[in-house]
Amino acid sequence: MYILGDIGNTETKVCIVSKNNKIIKKIYFPSKEVTYNKLNQIFNKNKFKFKDIEKILFCSVVPKSFNLIKKFFAKKTNIRCYEVKNLNLKSLIKVKVDYKQVGSDRITNAISVMDQKNNFIILDFGTATTFDVLVKNVYYGGIIAPGVKLSLNTLSDKATLIPQIDLKKINKVVGNSTITAVRSGFFWGYAGLIDNIINLIKKETRKTFKVNITGGFSSLFKDSIKTKVIHNQDITFKGLIKISRLIK
């Protein structure tokens, strides 16, 4: 079996995949909890058998956490732990921008959806809200906007009279309380941001796109924006499965 993982700023996701590329199990935990003891506890709890591992591959935007995970697996198995950017991806994707400036999770997502016929925009609601533009098999670049949760928390931390708020779908635009006003601002504000950025990408490139959305708030916005989208929650794992074929 294969161990595939996505180390984000907020959350680390680990996926156990069979040799025939079927997802067996997903394990999620906060990235701040990436320590040797915590990893040991998590894998023991899931009754994990290290002797069955054949490949280990992660995409990561947190080098410190990846190095800890790499050391963890080095003590548990003799299988090398790869990071996506350590592999030669030229056979899978062309990157038009400075390769070092693009997170390996975003490259992985692009590889996940790419084909020879369509253009794609990938919208990921993570710690940041990112838009990645893929034309055929060429990664053209993207946009990084503030993350929804991060922005909400920052507002609550900086504004004394605004409490911590869970974002929910709201039908009315004009709020009648502090909470409903903030919810409206963030819900309709981000819905407008999403549609506007996608329309600007289309205008600038003069191309049509299939739009894939993923990440924490994707379920909230998938039916609330004007743009037709494909909800693709396993996009990163699917990309890692594709990339893992490069490991012999």
# chains A, B, ... in the order shown; residues from 1 in each chain; ligands from 1

$ select_by_dssp --residues "segment 37-242 of chain A" --states "helix (DSSP H, G or I)" --output "number ranges by chain"
A: 37-45, 50-52, 63-76, 84-86, 99-101, 104-113, 148-158, 178-205, 218-221, 235-242

$ residues_around --residues "segment 116-133 of chain A" --least-positions-apart "5" --cutoff "6 Å" --atoms "only C-alpha atoms" --output "MDAnalysis selection string"
chainID A and resid 140:147 209:217

$ write_last_selection --atoms "C-alpha atoms" --output "mmCIF file, in the first residue's frame"
data_model
loop_
_atom_site.group_PDB
_atom_site.id
_atom_site.type_symbol
_atom_site.label_atom_id
_atom_site.label_comp_id
_atom_site.auth_asym_id
_atom_site.auth_seq_id
_atom_site.Cartn_x
_atom_site.Cartn_y
_atom_site.Cartn_z
ATOM 1 C CA TYR A 140 -0.082 29.275 -16.105
ATOM 2 C CA GLY A 141 -0.114 30.669 -12.569
ATOM 3 C CA GLY A 142 -2.772 31.771 -10.142
ATOM 4 C CA ILE A 143 -4.198 34.105 -7.546
ATOM 5 C CA ILE A 144 -3.840 34.012 -3.760
ATOM 6 C CA ALA A 145 -6.593 35.737 -1.761
ATOM 7 C CA PRO A 146 -7.052 35.832 2.036
ATOM 8 C CA GLY A 147 -8.500 32.643 3.494
ATOM 9 C CA PHE A 209 -12.594 26.811 -18.186
ATOM 10 C CA LYS A 210 -13.948 23.976 -16.116
ATOM 11 C CA VAL A 211 -13.876 25.140 -12.496
ATOM 12 C CA ASN A 212 -13.019 22.669 -9.717
ATOM 13 C CA ILE A 213 -13.492 23.724 -6.090
ATOM 14 C CA THR A 214 -12.126 22.030 -2.989
ATOM 15 C CA GLY A 215 -11.182 22.731 0.612
ATOM 16 C CA GLY A 216 -12.948 23.698 3.821
ATOM 17 C CA PHE A 217 -15.603 26.145 2.617
#

$ closest_residue --among "A:Asn20, A:Gln101, A:Asn137, A:Gln41" --to "Asp115 of chain A" --atoms "only C-alpha atoms"
A:Asn137

$ atom_distance --atom1 "atom CA of Glu33 of chain A" --atom2 "atom CA of Val61 of chain A"
15.3 Å
